[in-house]
$ cat final27.cif   # mmCIF, N, CA, C and O atoms
data_run
#
loop_
_atom_site.label_atom_id
_atom_site.label_comp_id
_atom_site.auth_asym_id
_atom_site.auth_seq_id
_atom_site.Cartn_x
_atom_site.Cartn_y
_atom_site.Cartn_z
N LYS A 26 -42.56 -149.03 169.40
CA LYS A 26 -41.37 -149.84 169.50
C LYS A 26 -40.84 -150.10 168.10
O LYS A 26 -41.59 -150.44 167.19
N SER A 27 -39.54 -149.95 167.91
CA SER A 27 -38.90 -150.19 166.62
C SER A 27 -37.98 -151.39 166.70
O SER A 27 -37.33 -151.61 167.72
N SER A 28 -37.94 -152.14 165.63
CA SER A 28 -37.04 -153.29 165.52
C SER A 28 -36.42 -153.27 164.15
O SER A 28 -37.05 -152.86 163.18
N GLU A 29 -35.16 -153.71 164.07
CA GLU A 29 -34.49 -153.81 162.78
C GLU A 29 -34.41 -155.29 162.41
O GLU A 29 -34.01 -156.13 163.20
N LEU A 30 -34.81 -155.59 161.19
CA LEU A 30 -34.86 -156.96 160.70
C LEU A 30 -34.05 -157.04 159.42
O LEU A 30 -34.25 -156.24 158.51
N THR A 31 -33.14 -157.99 159.33
CA THR A 31 -32.36 -158.21 158.12
C THR A 31 -33.00 -159.35 157.34
O THR A 31 -33.18 -160.45 157.87
N VAL A 32 -33.33 -159.06 156.08
CA VAL A 32 -33.92 -160.07 155.20
C VAL A 32 -33.01 -160.19 153.98
O VAL A 32 -32.81 -159.22 153.26
N ASN A 33 -32.46 -161.37 153.77
CA ASN A 33 -31.60 -161.61 152.60
C ASN A 33 -32.45 -161.81 151.36
O ASN A 33 -33.63 -162.14 151.45
N LEU A 34 -31.83 -161.63 150.20
CA LEU A 34 -32.53 -161.82 148.93
C LEU A 34 -33.13 -163.22 148.84
O LEU A 34 -32.48 -164.20 149.21
N ASN A 35 -34.37 -163.28 148.37
CA ASN A 35 -35.11 -164.53 148.16
C ASN A 35 -35.29 -165.36 149.42
O ASN A 35 -35.61 -166.54 149.35
N GLU A 36 -35.12 -164.73 150.57
CA GLU A 36 -35.35 -165.39 151.85
C GLU A 36 -36.68 -164.89 152.40
O GLU A 36 -37.02 -163.72 152.23
N THR A 37 -37.44 -165.76 153.03
CA THR A 37 -38.69 -165.36 153.66
C THR A 37 -38.46 -165.29 155.16
O THR A 37 -37.97 -166.23 155.76
N LYS A 38 -38.79 -164.13 155.74
CA LYS A 38 -38.66 -163.93 157.19
C LYS A 38 -40.02 -163.60 157.75
O LYS A 38 -40.82 -162.91 157.13
N GLN A 39 -40.26 -164.07 158.96
CA GLN A 39 -41.51 -163.76 159.63
C GLN A 39 -41.25 -162.78 160.76
O GLN A 39 -40.29 -162.93 161.52
N PHE A 40 -42.10 -161.75 160.84
CA PHE A 40 -42.05 -160.77 161.92
C PHE A 40 -43.47 -160.60 162.41
O PHE A 40 -44.31 -160.04 161.70
N GLY A 41 -43.76 -161.13 163.60
CA GLY A 41 -45.15 -161.14 164.07
C GLY A 41 -45.97 -161.92 163.07
O GLY A 41 -45.56 -162.99 162.62
N PRO A 42 -47.11 -161.39 162.65
CA PRO A 42 -47.95 -162.09 161.68
C PRO A 42 -47.55 -161.83 160.23
O PRO A 42 -48.19 -162.32 159.31
N LEU A 43 -46.48 -161.05 160.01
CA LEU A 43 -46.08 -160.70 158.65
C LEU A 43 -45.02 -161.64 158.12
O LEU A 43 -44.08 -162.01 158.83
N GLU A 44 -45.16 -162.01 156.85
CA GLU A 44 -44.16 -162.79 156.14
C GLU A 44 -43.56 -161.88 155.08
O GLU A 44 -44.27 -161.38 154.21
N ILE A 45 -42.25 -161.64 155.16
CA ILE A 45 -41.58 -160.65 154.32
C ILE A 45 -40.56 -161.34 153.43
O ILE A 45 -39.78 -162.17 153.89
N LYS A 46 -40.56 -160.95 152.15
CA LYS A 46 -39.60 -161.51 151.19
C LYS A 46 -39.07 -160.37 150.31
O LYS A 46 -39.86 -159.55 149.82
N ILE A 47 -37.75 -160.33 150.13
CA ILE A 47 -37.11 -159.35 149.26
C ILE A 47 -36.68 -160.07 147.99
O ILE A 47 -35.88 -161.01 148.05
N LEU A 48 -37.20 -159.65 146.84
CA LEU A 48 -36.87 -160.29 145.57
C LEU A 48 -35.73 -159.61 144.83
O LEU A 48 -34.95 -160.25 144.15
N LYS A 49 -35.63 -158.30 144.95
CA LYS A 49 -34.55 -157.52 144.33
C LYS A 49 -34.16 -156.42 145.30
O LYS A 49 -35.01 -155.88 146.01
N CYS A 50 -32.87 -156.08 145.32
CA CYS A 50 -32.42 -154.99 146.18
C CYS A 50 -31.11 -154.45 145.62
O CYS A 50 -30.25 -155.23 145.19
N GLY A 51 -30.99 -153.14 145.60
CA GLY A 51 -29.77 -152.54 145.09
C GLY A 51 -29.81 -151.03 145.25
O GLY A 51 -30.75 -150.47 145.79
N ASP A 52 -28.76 -150.41 144.77
CA ASP A 52 -28.65 -148.95 144.84
C ASP A 52 -28.88 -148.35 143.46
O ASP A 52 -28.44 -148.91 142.45
N VAL A 53 -29.59 -147.23 143.44
CA VAL A 53 -29.83 -146.50 142.20
C VAL A 53 -29.47 -145.04 142.42
O VAL A 53 -29.47 -144.55 143.54
N LYS A 54 -29.18 -144.35 141.32
CA LYS A 54 -28.88 -142.93 141.40
C LYS A 54 -30.11 -142.15 140.95
O LYS A 54 -30.57 -142.31 139.82
N VAL A 55 -30.68 -141.36 141.85
CA VAL A 55 -31.86 -140.56 141.56
C VAL A 55 -31.54 -139.11 141.90
O VAL A 55 -31.22 -138.79 143.06
N ASN A 56 -31.60 -138.23 140.91
CA ASN A 56 -31.29 -136.80 141.11
C ASN A 56 -29.92 -136.60 141.77
O ASN A 56 -29.78 -135.85 142.72
N ASN A 57 -28.93 -137.34 141.27
CA ASN A 57 -27.54 -137.28 141.76
C ASN A 57 -27.38 -137.74 143.20
O ASN A 57 -26.41 -137.40 143.87
N ILE A 58 -28.34 -138.50 143.72
CA ILE A 58 -28.27 -139.06 145.07
C ILE A 58 -28.40 -140.58 144.96
O ILE A 58 -29.28 -141.08 144.27
N ILE A 59 -27.50 -141.28 145.65
CA ILE A 59 -27.56 -142.75 145.66
C ILE A 59 -28.61 -143.17 146.68
O ILE A 59 -28.61 -142.72 147.83
N ASP A 60 -29.54 -144.03 146.25
CA ASP A 60 -30.64 -144.48 147.11
C ASP A 60 -30.77 -145.99 147.00
O ASP A 60 -30.53 -146.57 145.94
N SER A 61 -31.14 -146.63 148.09
CA SER A 61 -31.43 -148.06 148.07
C SER A 61 -32.88 -148.27 147.68
O SER A 61 -33.77 -147.54 148.13
N VAL A 62 -33.10 -149.28 146.83
CA VAL A 62 -34.45 -149.61 146.38
C VAL A 62 -34.60 -151.12 146.42
O VAL A 62 -33.64 -151.85 146.15
N ALA A 63 -35.78 -151.59 146.80
CA ALA A 63 -36.01 -153.03 146.91
C ALA A 63 -37.41 -153.38 146.43
O ALA A 63 -38.35 -152.60 146.58
N TYR A 64 -37.52 -154.58 145.84
CA TYR A 64 -38.82 -155.13 145.49
C TYR A 64 -39.19 -156.09 146.62
O TYR A 64 -38.51 -157.08 146.86
N MET A 65 -40.29 -155.79 147.31
CA MET A 65 -40.66 -156.50 148.54
C MET A 65 -42.07 -157.06 148.42
O MET A 65 -42.96 -156.42 147.86
N GLN A 66 -42.24 -158.26 148.96
CA GLN A 66 -43.57 -158.87 149.06
C GLN A 66 -43.85 -159.13 150.53
O GLN A 66 -42.99 -159.64 151.25
N VAL A 67 -45.07 -158.78 150.98
CA VAL A 67 -45.44 -158.97 152.38
C VAL A 67 -46.83 -159.61 152.43
O VAL A 67 -47.75 -159.14 151.77
N LYS A 68 -46.94 -160.67 153.21
CA LYS A 68 -48.23 -161.31 153.47
C LYS A 68 -48.56 -161.14 154.94
O LYS A 68 -47.68 -161.16 155.80
N ASP A 69 -49.84 -160.99 155.26
CA ASP A 69 -50.32 -161.00 156.64
C ASP A 69 -50.89 -162.40 156.88
O ASP A 69 -51.92 -162.76 156.33
N LEU A 70 -50.20 -163.18 157.69
CA LEU A 70 -50.58 -164.58 157.89
C LEU A 70 -51.85 -164.75 158.71
O LEU A 70 -52.41 -165.84 158.75
N THR A 71 -52.33 -163.68 159.34
CA THR A 71 -53.60 -163.78 160.08
C THR A 71 -54.79 -163.76 159.14
O THR A 71 -55.88 -164.14 159.51
N LYS A 72 -54.59 -163.30 157.92
CA LYS A 72 -55.66 -163.25 156.92
C LYS A 72 -55.59 -164.53 156.10
O LYS A 72 -54.96 -164.58 155.07
N ASN A 73 -56.25 -165.57 156.57
CA ASN A 73 -56.10 -166.87 155.93
C ASN A 73 -57.20 -167.18 154.92
O ASN A 73 -57.25 -168.28 154.40
N GLU A 74 -58.07 -166.22 154.60
CA GLU A 74 -59.11 -166.51 153.62
C GLU A 74 -58.55 -166.70 152.21
O GLU A 74 -59.11 -167.39 151.40
N ASN A 75 -57.42 -166.05 151.93
CA ASN A 75 -56.76 -166.24 150.65
C ASN A 75 -55.26 -166.09 150.86
O ASN A 75 -54.74 -164.99 150.90
N GLU A 76 -54.56 -167.19 151.00
CA GLU A 76 -53.14 -167.17 151.36
C GLU A 76 -52.24 -166.62 150.26
O GLU A 76 -51.08 -166.35 150.51
N GLN A 77 -52.74 -166.47 149.06
CA GLN A 77 -51.90 -166.01 147.96
C GLN A 77 -51.90 -164.48 147.80
O GLN A 77 -51.21 -163.97 146.95
N VAL A 78 -52.66 -163.77 148.60
CA VAL A 78 -52.78 -162.32 148.45
C VAL A 78 -51.73 -161.61 149.31
O VAL A 78 -51.61 -161.86 150.50
N PHE A 79 -50.97 -160.72 148.67
CA PHE A 79 -49.98 -159.93 149.38
C PHE A 79 -50.63 -158.63 149.86
O PHE A 79 -51.39 -158.01 149.12
N ILE A 80 -50.30 -158.20 151.07
CA ILE A 80 -50.77 -156.88 151.51
C ILE A 80 -49.85 -155.79 150.97
O ILE A 80 -50.20 -154.63 150.95
N PHE A 81 -48.64 -156.19 150.53
CA PHE A 81 -47.75 -155.28 149.82
C PHE A 81 -46.96 -156.10 148.82
O PHE A 81 -46.43 -157.16 149.16
N ASN A 82 -46.86 -155.61 147.60
CA ASN A 82 -46.11 -156.28 146.56
C ASN A 82 -45.62 -155.21 145.59
O ASN A 82 -46.34 -154.80 144.69
N GLY A 83 -44.40 -154.71 145.83
CA GLY A 83 -43.91 -153.65 144.97
C GLY A 83 -42.56 -153.11 145.39
O GLY A 83 -41.90 -153.62 146.29
N TRP A 84 -42.17 -152.04 144.72
CA TRP A 84 -40.89 -151.38 144.97
C TRP A 84 -41.01 -150.41 146.12
O TRP A 84 -42.03 -149.74 146.28
N THR A 85 -39.95 -150.30 146.91
CA THR A 85 -39.89 -149.32 147.98
C THR A 85 -38.51 -148.68 148.00
O THR A 85 -37.51 -149.32 147.68
N PHE A 86 -38.46 -147.39 148.33
CA PHE A 86 -37.22 -146.62 148.35
C PHE A 86 -36.85 -146.29 149.78
O PHE A 86 -37.71 -145.89 150.57
N ALA A 87 -35.57 -146.40 150.12
CA ALA A 87 -35.11 -146.10 151.47
C ALA A 87 -35.31 -144.62 151.81
O ALA A 87 -35.75 -144.28 152.91
N SER A 88 -35.03 -143.73 150.87
CA SER A 88 -35.10 -142.30 151.16
C SER A 88 -36.52 -141.76 151.20
O SER A 88 -36.77 -140.73 151.81
N ASP A 89 -37.47 -142.44 150.55
CA ASP A 89 -38.84 -141.94 150.51
C ASP A 89 -39.84 -143.09 150.48
O ASP A 89 -40.38 -143.44 149.43
N PRO A 90 -40.11 -143.70 151.66
CA PRO A 90 -41.05 -144.83 151.68
C PRO A 90 -42.49 -144.45 151.32
O PRO A 90 -43.29 -145.30 151.01
N SER A 91 -42.80 -143.16 151.31
CA SER A 91 -44.17 -142.73 150.98
C SER A 91 -44.47 -142.83 149.48
O SER A 91 -45.62 -142.74 149.08
N LEU A 92 -43.44 -143.04 148.64
CA LEU A 92 -43.68 -143.21 147.20
C LEU A 92 -44.53 -144.44 146.94
O LEU A 92 -45.41 -144.42 146.09
N THR A 93 -44.27 -145.52 147.64
CA THR A 93 -45.08 -146.74 147.55
C THR A 93 -45.34 -147.19 148.98
O THR A 93 -44.63 -148.05 149.51
N PRO A 94 -46.33 -146.62 149.63
CA PRO A 94 -46.52 -146.87 151.06
C PRO A 94 -47.00 -148.28 151.37
O PRO A 94 -47.78 -148.88 150.64
N PHE A 95 -46.48 -148.80 152.47
CA PHE A 95 -46.90 -150.07 153.03
C PHE A 95 -48.05 -149.75 153.98
O PHE A 95 -47.90 -148.94 154.89
N ASP A 96 -49.22 -150.36 153.80
CA ASP A 96 -50.39 -150.02 154.57
C ASP A 96 -50.83 -151.19 155.45
O ASP A 96 -51.30 -152.20 154.95
N HIS A 97 -50.62 -151.04 156.76
CA HIS A 97 -51.04 -152.06 157.73
C HIS A 97 -51.48 -151.33 158.99
O HIS A 97 -50.91 -150.31 159.36
N ALA A 98 -52.48 -151.86 159.67
CA ALA A 98 -53.04 -151.19 160.86
C ALA A 98 -52.05 -151.13 162.03
O ALA A 98 -52.08 -150.19 162.82
N ILE A 99 -51.16 -152.11 162.13
CA ILE A 99 -50.27 -152.18 163.30
C ILE A 99 -48.81 -151.94 162.93
O ILE A 99 -48.09 -151.25 163.63
N TYR A 100 -48.36 -152.49 161.81
CA TYR A 100 -46.95 -152.48 161.47
C TYR A 100 -46.63 -151.47 160.37
O TYR A 100 -47.43 -151.21 159.49
N ASP A 101 -45.42 -150.93 160.45
CA ASP A 101 -44.90 -150.02 159.44
C ASP A 101 -43.53 -150.55 159.03
O ASP A 101 -42.62 -150.62 159.86
N LEU A 102 -43.39 -150.96 157.79
CA LEU A 102 -42.11 -151.45 157.29
C LEU A 102 -41.43 -150.37 156.49
O LEU A 102 -42.07 -149.64 155.73
N ARG A 103 -40.11 -150.30 156.65
CA ARG A 103 -39.34 -149.30 155.91
C ARG A 103 -38.00 -149.89 155.54
O ARG A 103 -37.32 -150.50 156.37
N LEU A 104 -37.60 -149.72 154.30
CA LEU A 104 -36.30 -150.14 153.83
C LEU A 104 -35.24 -149.18 154.37
O LEU A 104 -35.38 -147.96 154.22
N LEU A 105 -34.20 -149.72 154.99
CA LEU A 105 -33.12 -148.87 155.47
C LEU A 105 -31.97 -148.83 154.47
O LEU A 105 -31.45 -147.77 154.15
N LYS A 106 -31.58 -150.02 153.97
CA LYS A 106 -30.50 -150.08 152.99
C LYS A 106 -30.42 -151.47 152.39
O LYS A 106 -30.95 -152.44 152.94
N CYS A 107 -29.74 -151.57 151.27
CA CYS A 107 -29.39 -152.84 150.67
C CYS A 107 -27.92 -153.05 150.94
O CYS A 107 -27.12 -152.13 150.83
N SER A 108 -27.60 -154.26 151.34
CA SER A 108 -26.17 -154.54 151.59
C SER A 108 -25.77 -155.79 150.83
O SER A 108 -26.58 -156.68 150.57
N LYS A 109 -24.52 -155.84 150.49
CA LYS A 109 -23.98 -157.00 149.79
C LYS A 109 -23.17 -157.81 150.78
O LYS A 109 -22.18 -157.34 151.31
N ALA A 110 -23.66 -159.02 151.04
CA ALA A 110 -22.97 -159.86 152.02
C ALA A 110 -22.20 -160.95 151.34
O ALA A 110 -22.46 -161.33 150.25
#
$ encode --input "final27.cif" --output "structure tokens"
Amino acid sequence: KSSELTVNLNETKQFGPLEIKILKCGDVKVNNIIDSVAYMQVKDLTKNENEQVFIFNGWTFASDPSLTPFDHAIYDLRLLKCSKA
């Protein structure tokens, strides 16, 4: 099952047990192709032994999420685009 979730800059959104926050988001030109890139932090709230540990904390690219893969047993997060609202 797929779901689309919109997360605004510096906003924390919860999806299931995941807490997702986008700190930076924008478009970059890579090899003459415009790509969306975001700095994302994700916590798994079911892992309460250390609440300060992120299961993902880094940059992700819309065109190639495997560059910095998000690793979770159940969920797969992928950046679709950055938008200016």
$ closest_residue --input "final27.cif" --among "A:Leu30, A:Ile99, A:Ile58, A:Leu43" --to "Leu70 (chain A)" --atoms "all atoms listed in the file"
A:Leu43
$ atom_distance --input "final27.cif" --atom1 "CA of Asp69 (chain A)" --atom2 "CA of Leu34 (chain A)"
19.4 Å
$ atom_distance --input "final27.cif" --atom1 "atom N of Lys72 (chain A)" --atom2 "CA of Asp89 (chain A)"
27.6 Å
$ resolve_selection --input "final27.cif" --expression "the PyMOL selection byres (((chain A and resi 29 and name CA) around 10) and name CA)" --output "PyMOL selection string"
chain A and resi 27-28+30-32+102-105
$ select_by_dssp --input "final27.cif" --residues "chain A" --states "strand (DSSP E or B)" --output "ChimeraX atom specification"
/A:34,37-40,43-55,58-69,81-86
$ closest_residue --input "final27.cif" --among "A:Lys68, A:Val78, A:Pro94, A:Phe86" --to "Gly41 (chain A)" --atoms "only N, CA, C and O atoms"
A:Lys68
$ closest_residue --input "final27.cif" --among "A:Asp52, A:Phe79, A:Trp84, A:Lys106" --to "Tyr64 (chain A)" --atoms "only C-alpha atoms"
A:Trp84
$ atom_distance --input "final27.cif" --atom1 "atom O of Val55 (chain A)" --atom2 "CA of Asn35 (chain A)"
26.5 Å
$ closest_residue --input "final27.cif" --among "A:Thr93, A:Ser61, A:Asn56, A:Ser108" --to "Phe81 (chain A)" --atoms "all atoms listed in the file"
A:Thr93
$ residues_near_point --input "final27.cif" --point "(-43.3, -159.2, 151.8)" --cutoff "8 Å" --atoms "only C-alpha atoms" --output "ChimeraX atom specification"
/A:37,43-47,65-68,79-82
